[in-house]
Amino acid sequence: MGVKRWILPLLLLQILFGKFGIAELEQHTERISGSAGDVLEDDPVGRLKVFVYELPLKYNKKIVGRDPRCLNHMFAAEIFMHRFLLTSAVRTLNPEEADWFYTPVYTTCDLTPNGLPLPFKSPRVMRSAIQFISTNWPYWNRTEGADHFFLVPHDFGACFHYQEEKAIQRGILPLLKKATLVQTFGQENHVCLKEGSIIIPPYAPPQKMQAHMITPDTPRSIFVYFRGLFYDVGNDPEGGYYARGARASLWENFKNNPLFDISTEHPTTYYEDMQRAVFCLCPLGWAPWSPRLVEGVVFGCIPVIIADDIVLPFADAIPWEEIGVFVAEKDVPNLDTILTNIPIDVILRKQRLLANPSMKQAMLFPQPAQPGDAFHQILNGLARKLPHDKSIYLKPGERTLNWTAGPKGDLKPW
């Protein structure tokens, strides 16, 4: 019965995605309609000026010098945003004319031997950097950071922990209460996402991805593709907590399904395989986001987003509902039925939208920067917040932030 059930979908795949390669299916790109397309193509130059604080090297360059692996992990946007701003046309050397102030502090570059970021020092590093700028310049003190922005690409942003329960207990670092946070984490009604934050894609190495591009006439012969953990035995030995059980459900329900190419093994052909797939699964892990969102868009593989209440990168510019498929975590056991029931014309339109170069560009942090890339989308988000309301400016001597709030460990000098 199980084999017969999949004969029709498999034949359909052979007819559609075997007969036609990527070039035929995506021969026409489709511009994003309406305001989203306009936002995606905005040019921020001339709309804002950013002052970059000059911090002691211990806050940034020396950290990377001790561990260059930080340049390649999925939190590396904080490093490359700094480099971009130093040579950007929006940079001003005159702080009196700045619309925004940027503090280049690298809070994720503390890696385990396996390359996983440890967030435990991050609050102390951030507090130290804020103390430095507030002591040496007057601009933080006049707004308590309301015209400052910080990159905090941790799993749960400025809550600085990789486990959700502990991140919620910590909450956002109190000193960042008024600042604009630029972060990868986004989930509705969550204590680690403050109003006004700018959600960005995680870093995925553009040059490496470009090196693995395959010929555009390659058929998409894989229906559903995923590589990654289904269980995290080391951190969740009893199971069920990691990914809120969604990844475990994927494995238990579809490990033997011929339409699903899923495994924990990470082959050298990973990027090529995504370009051969119709759907790429993007389930939550410890956090709701992952680099698979970037990879799916860049490689034209329709992202299947399994993360309830996720807030996605640059949602005002990228029409995620039109290019992706959203599946509730509770509906994972029905994923086969959901995907095989999507009409072919809907699949083809999603692929045409994904083939739009502007869409791909917005998800990447290339070096050197290029028009419309993720750097520019961040600047667009900052520009749309201008002008600042006059209420952000404090009266002389006025203070509202509590510098001693938070866990005692965070108050130790760094």
# chains A, B, ... in the order shown; residues from 1 in each chain; ligands from 1

call {"tool": "select_by_dssp", "arguments": {"residues": "stretch 243-352 of chain A", "states": "strand (DSSP E)", "output": "list of chain:residue names"}}
result
A:Phe260, A:Asp261, A:Ile262, A:Ser263, A:Ala277, A:Val278, A:Phe279, A:Cys280, A:Leu281, A:Cys282, A:Pro283, A:Ile302, A:Pro303, A:Val304, A:Ile305, A:Ile306, A:Val325, A:Phe326

call {"tool": "closest_atom_pairs", "arguments": {"of": "stretch 302-414 of chain A", "to": "stretch 136-153 of chain A", "cutoff": "7 Å", "atoms": "only C-alpha atoms", "output": "JSON lines"}}
result
{"residue": "A:Ile392", "atom": "CA", "partner": "A:Thr143", "partner_atom": "CA", "distance": 5.6}
{"residue": "A:Tyr393", "atom": "CA", "partner": "A:Thr143", "partner_atom": "CA", "distance": 4.8}
{"residue": "A:Leu394", "atom": "CA", "partner": "A:Arg142", "partner_atom": "CA", "distance": 5.6}

call {"tool": "closest_atom_pairs", "arguments": {"of": "stretch 280-369 of chain A", "to": "stretch 185-204 of chain A", "cutoff": "8 Å", "atoms": "only C-alpha atoms", "output": "JSON lines"}}
result
{"residue": "A:Ala287", "atom": "CA", "partner": "A:Phe185", "partner_atom": "CA", "distance": 7.3}
{"residue": "A:Pro288", "atom": "CA", "partner": "A:Phe185", "partner_atom": "CA", "distance": 7.3}
{"residue": "A:Trp289", "atom": "CA", "partner": "A:Phe185", "partner_atom": "CA", "distance": 6.6}
{"residue": "A:Ser290", "atom": "CA", "partner": "A:Pro202", "partner_atom": "CA", "distance": 6.8}
{"residue": "A:Pro291", "atom": "CA", "partner": "A:Pro202", "partner_atom": "CA", "distance": 5.6}
{"residue": "A:Leu293", "atom": "CA", "partner": "A:Pro201", "partner_atom": "CA", "distance": 7.7}
{"residue": "A:Val294", "atom": "CA", "partner": "A:Pro201", "partner_atom": "CA", "distance": 6.7}
{"residue": "A:Glu295", "atom": "CA", "partner": "A:Ala204", "partner_atom": "CA", "distance": 7.6}
{"residue": "A:Asp309", "atom": "CA", "partner": "A:Glu188", "partner_atom": "CA", "distance": 5.3}
{"residue": "A:Ile310", "atom": "CA", "partner": "A:Gln187", "partner_atom": "CA", "distance": 4.4}
{"residue": "A:Val311", "atom": "CA", "partner": "A:Gly186", "partner_atom": "CA", "distance": 4.4}
{"residue": "A:Leu312", "atom": "CA", "partner": "A:Gly186", "partner_atom": "CA", "distance": 6.4}
{"residue": "A:Pro313", "atom": "CA", "partner": "A:Ile200", "partner_atom": "CA", "distance": 4.5}
{"residue": "A:Phe314", "atom": "CA", "partner": "A:Ile199", "partner_atom": "CA", "distance": 6.1}
{"residue": "A:Met363", "atom": "CA", "partner": "A:Pro201", "partner_atom": "CA", "distance": 6.0}
{"residue": "A:Leu364", "atom": "CA", "partner": "A:Ala204", "partner_atom": "CA", "distance": 6.9}
{"residue": "A:Phe365", "atom": "CA", "partner": "A:Tyr203", "partner_atom": "CA", "distance": 6.8}

call {"tool": "closest_residue", "arguments": {"among": "A:Tyr59, A:Phe101, A:Phe156, A:Trp403", "to": "A:Ala129", "atoms": "only C-alpha atoms"}}
result
A:Tyr59

call {"tool": "select_by_dssp", "arguments": {"residues": "stretch 39-151 of chain A", "states": "helix (DSSP H, G or I)", "output": "PyMOL selection string"}}
result
chain A and resi 39-40+57-59+61-66+68-71+77-87+95-97+122-136+139-143

call {"tool": "residues_around", "arguments": {"residues": "A:Trp286", "least_positions_apart": "2", "cutoff": "7 Å", "atoms": "only C-alpha atoms", "output": "PDB file with all heavy atoms, in the first residue's frame"}}
result
ATOM      1  N   TYR A 162      21.572  30.110  23.974  1.00  0.00           N
ATOM      2  CA  TYR A 162      21.166  29.281  22.846  1.00  0.00           C
ATOM      3  C   TYR A 162      19.977  28.373  23.185  1.00  0.00           C
ATOM      4  O   TYR A 162      19.403  27.757  22.281  1.00  0.00           O
ATOM      5  CB  TYR A 162      22.339  28.433  22.329  1.00  0.00           C
ATOM      6  CG  TYR A 162      22.931  27.488  23.338  1.00  0.00           C
ATOM      7  CD1 TYR A 162      22.406  26.215  23.526  1.00  0.00           C
ATOM      8  CD2 TYR A 162      24.029  27.866  24.105  1.00  0.00           C
ATOM      9  CE1 TYR A 162      22.952  25.350  24.457  1.00  0.00           C
ATOM     10  CE2 TYR A 162      24.581  27.013  25.036  1.00  0.00           C
ATOM     11  CZ  TYR A 162      24.046  25.755  25.204  1.00  0.00           C
ATOM     12  OH  TYR A 162      24.586  24.901  26.137  1.00  0.00           O
ATOM     13  N   GLN A 163      19.598  28.270  24.448  1.00  0.00           N
ATOM     14  CA  GLN A 163      18.421  27.503  24.822  1.00  0.00           C
ATOM     15  C   GLN A 163      17.282  28.471  25.136  1.00  0.00           C
ATOM     16  O   GLN A 163      17.453  29.408  25.922  1.00  0.00           O
ATOM     17  CB  GLN A 163      18.716  26.610  26.021  1.00  0.00           C
ATOM     18  CG  GLN A 163      19.667  25.469  25.699  1.00  0.00           C
ATOM     19  CD  GLN A 163      19.878  24.529  26.870  1.00  0.00           C
ATOM     20  OE1 GLN A 163      19.578  24.868  28.015  1.00  0.00           O
ATOM     21  NE2 GLN A 163      20.396  23.345  26.593  1.00  0.00           N
ATOM     22  N   TYR A 242      14.231  19.640  21.823  1.00  0.00           N
ATOM     23  CA  TYR A 242      14.923  20.155  20.647  1.00  0.00           C
ATOM     24  C   TYR A 242      13.951  20.271  19.473  1.00  0.00           C
ATOM     25  O   TYR A 242      13.246  19.315  19.128  1.00  0.00           O
ATOM     26  CB  TYR A 242      16.081  19.227  20.270  1.00  0.00           C
ATOM     27  CG  TYR A 242      16.802  19.637  19.005  1.00  0.00           C
ATOM     28  CD1 TYR A 242      17.470  20.846  18.926  1.00  0.00           C
ATOM     29  CD2 TYR A 242      16.809  18.797  17.901  1.00  0.00           C
ATOM     30  CE1 TYR A 242      18.129  21.219  17.770  1.00  0.00           C
ATOM     31  CE2 TYR A 242      17.469  19.148  16.741  1.00  0.00           C
ATOM     32  CZ  TYR A 242      18.124  20.376  16.673  1.00  0.00           C
ATOM     33  OH  TYR A 242      18.774  20.741  15.524  1.00  0.00           O
ATOM     34  N   ALA A 243      13.909  21.449  18.883  1.00  0.00           N
ATOM     35  CA  ALA A 243      13.020  21.740  17.747  1.00  0.00           C
ATOM     36  C   ALA A 243      11.552  21.495  18.102  1.00  0.00           C
ATOM     37  O   ALA A 243      10.726  21.290  17.223  1.00  0.00           O
ATOM     38  CB  ALA A 243      13.417  20.935  16.516  1.00  0.00           C
ATOM     39  N   LEU A 284      12.666  24.558  12.456  1.00  0.00           N
ATOM     40  CA  LEU A 284      13.357  25.150  13.587  1.00  0.00           C
ATOM     41  C   LEU A 284      14.319  24.139  14.201  1.00  0.00           C
ATOM     42  O   LEU A 284      14.158  22.917  14.027  1.00  0.00           O
ATOM     43  CB  LEU A 284      12.365  25.618  14.642  1.00  0.00           C
ATOM     44  CG  LEU A 284      11.651  24.568  15.514  1.00  0.00           C
ATOM     45  CD1 LEU A 284      11.077  25.225  16.757  1.00  0.00           C
ATOM     46  CD2 LEU A 284      10.549  23.846  14.742  1.00  0.00           C
ATOM     47  N   PRO A 288      14.267  29.358  15.843  1.00  0.00           N
ATOM     48  CA  PRO A 288      13.389  29.128  14.693  1.00  0.00           C
ATOM     49  C   PRO A 288      14.061  29.328  13.342  1.00  0.00           C
ATOM     50  O   PRO A 288      13.542  28.872  12.328  1.00  0.00           O
ATOM     51  CB  PRO A 288      12.272  30.158  14.891  1.00  0.00           C
ATOM     52  CG  PRO A 288      12.856  31.212  15.754  1.00  0.00           C
ATOM     53  CD  PRO A 288      13.842  30.516  16.648  1.00  0.00           C
TER      54      PRO A 288
END

call {"tool": "closest_residue", "arguments": {"among": "A:Cys282, A:Ala246, A:Ala77, A:Val332", "to": "A:Pro205", "atoms": "only C-alpha atoms"}}
result
A:Ala77

call {"tool": "residues_around", "arguments": {"residues": "A:Phe254", "least_positions_apart": "3", "cutoff": "10 Å", "atoms": "only C-alpha atoms", "output": "compact mmCIF listing (two decimals) with C-alpha atoms, in the first residue's frame"}}
result
# COMPACT_ATOMS: atom_id res chain seq x y z
CA SER A 249 8.58 13.96 13.77
CA LEU A 250 10.11 14.52 10.33
CA TRP A 251 12.44 11.57 10.77
CA ASN A 257 9.35 7.83 2.21
CA PRO A 258 10.73 7.79 -1.37
CA LEU A 259 9.76 11.43 -1.92
CA PHE A 260 11.88 12.59 1.01
CA ASP A 261 15.66 12.74 0.74
CA ILE A 262 16.44 13.40 4.40
CA VAL A 332 4.52 17.79 10.24
CA PRO A 333 3.04 14.26 10.10
CA ASN A 334 0.93 15.44 7.15
CA LEU A 335 3.80 17.09 5.30
CA ASP A 336 3.74 14.59 2.43

call {"tool": "decode", "arguments": {"residues": "stretch 296-318 of chain A", "atoms": "N, CA, C and O atoms", "output": "short mmCIF file (atom, residue, chain, number, x, y, z; two decimals), in the first residue's frame"}}
result
data_model
loop_
_atom_site.label_atom_id
_atom_site.label_comp_id
_atom_site.auth_asym_id
_atom_site.auth_seq_id
_atom_site.Cartn_x
_atom_site.Cartn_y
_atom_site.Cartn_z
N GLY A 296 18.05 28.03 0.51
CA GLY A 296 16.89 27.74 -0.32
C GLY A 296 16.62 28.83 -1.33
O GLY A 296 16.39 28.57 -2.52
N VAL A 297 16.65 30.09 -0.88
CA VAL A 297 16.39 31.21 -1.78
C VAL A 297 17.47 31.30 -2.85
O VAL A 297 17.18 31.44 -4.04
N VAL A 298 18.73 31.23 -2.45
CA VAL A 298 19.83 31.38 -3.40
C VAL A 298 19.82 30.27 -4.43
O VAL A 298 20.08 30.50 -5.62
N PHE A 299 19.49 29.05 -4.02
CA PHE A 299 19.53 27.91 -4.93
C PHE A 299 18.18 27.61 -5.57
O PHE A 299 18.02 26.58 -6.24
N GLY A 300 17.20 28.47 -5.39
CA GLY A 300 15.92 28.31 -6.06
C GLY A 300 15.11 27.13 -5.58
O GLY A 300 14.22 26.64 -6.28
N CYS A 301 15.41 26.65 -4.37
CA CYS A 301 14.68 25.52 -3.78
C CYS A 301 13.62 26.08 -2.83
O CYS A 301 13.95 26.80 -1.88
N ILE A 302 12.38 25.78 -3.08
CA ILE A 302 11.28 26.38 -2.33
C ILE A 302 11.42 26.06 -0.85
O ILE A 302 11.39 24.88 -0.45
N PRO A 303 11.59 27.07 0.01
CA PRO A 303 11.76 26.79 1.44
C PRO A 303 10.44 26.38 2.09
O PRO A 303 9.43 27.06 1.94
N VAL A 304 10.49 25.26 2.79
CA VAL A 304 9.33 24.80 3.56
C VAL A 304 9.62 25.16 5.01
O VAL A 304 10.45 24.54 5.67
N ILE A 305 8.94 26.18 5.50
CA ILE A 305 9.26 26.78 6.79
C ILE A 305 8.40 26.15 7.87
O ILE A 305 7.17 26.27 7.87
N ILE A 306 9.07 25.45 8.77
CA ILE A 306 8.40 24.76 9.88
C ILE A 306 8.89 25.40 11.17
O ILE A 306 9.88 24.97 11.77
N ALA A 307 8.26 26.47 11.59
CA ALA A 307 8.65 27.20 12.79
C ALA A 307 7.51 28.15 13.12
O ALA A 307 7.39 29.22 12.52
N ASP A 308 6.67 27.75 14.05
CA ASP A 308 5.47 28.53 14.37
C ASP A 308 5.85 29.95 14.80
O ASP A 308 6.76 30.15 15.59
N ASP A 309 5.13 30.92 14.26
CA ASP A 309 5.25 32.34 14.66
C ASP A 309 6.59 32.95 14.31
O ASP A 309 6.96 34.00 14.85
N ILE A 310 7.32 32.36 13.39
CA ILE A 310 8.61 32.92 13.00
C ILE A 310 8.41 34.28 12.33
O ILE A 310 7.44 34.50 11.60
N VAL A 311 9.33 35.21 12.59
CA VAL A 311 9.39 36.47 11.88
C VAL A 311 10.61 36.38 10.97
O VAL A 311 11.73 36.19 11.43
N LEU A 312 10.39 36.52 9.67
CA LEU A 312 11.43 36.21 8.69
C LEU A 312 12.22 37.45 8.28
O LEU A 312 11.75 38.58 8.44
N PRO A 313 13.41 37.25 7.72
CA PRO A 313 14.27 38.38 7.35
C PRO A 313 13.63 39.31 6.32
O PRO A 313 13.02 38.84 5.35
N PHE A 314 13.78 40.61 6.54
CA PHE A 314 13.35 41.63 5.59
C PHE A 314 11.94 41.36 5.07
O PHE A 314 11.68 41.38 3.86
N ALA A 315 11.02 41.09 5.99
CA ALA A 315 9.68 40.66 5.61
C ALA A 315 8.90 41.74 4.85
O ALA A 315 7.91 41.43 4.19
N ASP A 316 9.33 43.00 4.96
CA ASP A 316 8.65 44.04 4.20
C ASP A 316 9.14 44.11 2.76
O ASP A 316 8.56 44.81 1.93
N ALA A 317 10.21 43.39 2.44
CA ALA A 317 10.77 43.41 1.10
C ALA A 317 10.68 42.06 0.39
O ALA A 317 10.59 42.00 -0.83
N ILE A 318 10.72 40.98 1.16
CA ILE A 318 10.69 39.63 0.58
C ILE A 318 9.34 38.99 0.87
O ILE A 318 8.96 38.83 2.03
#
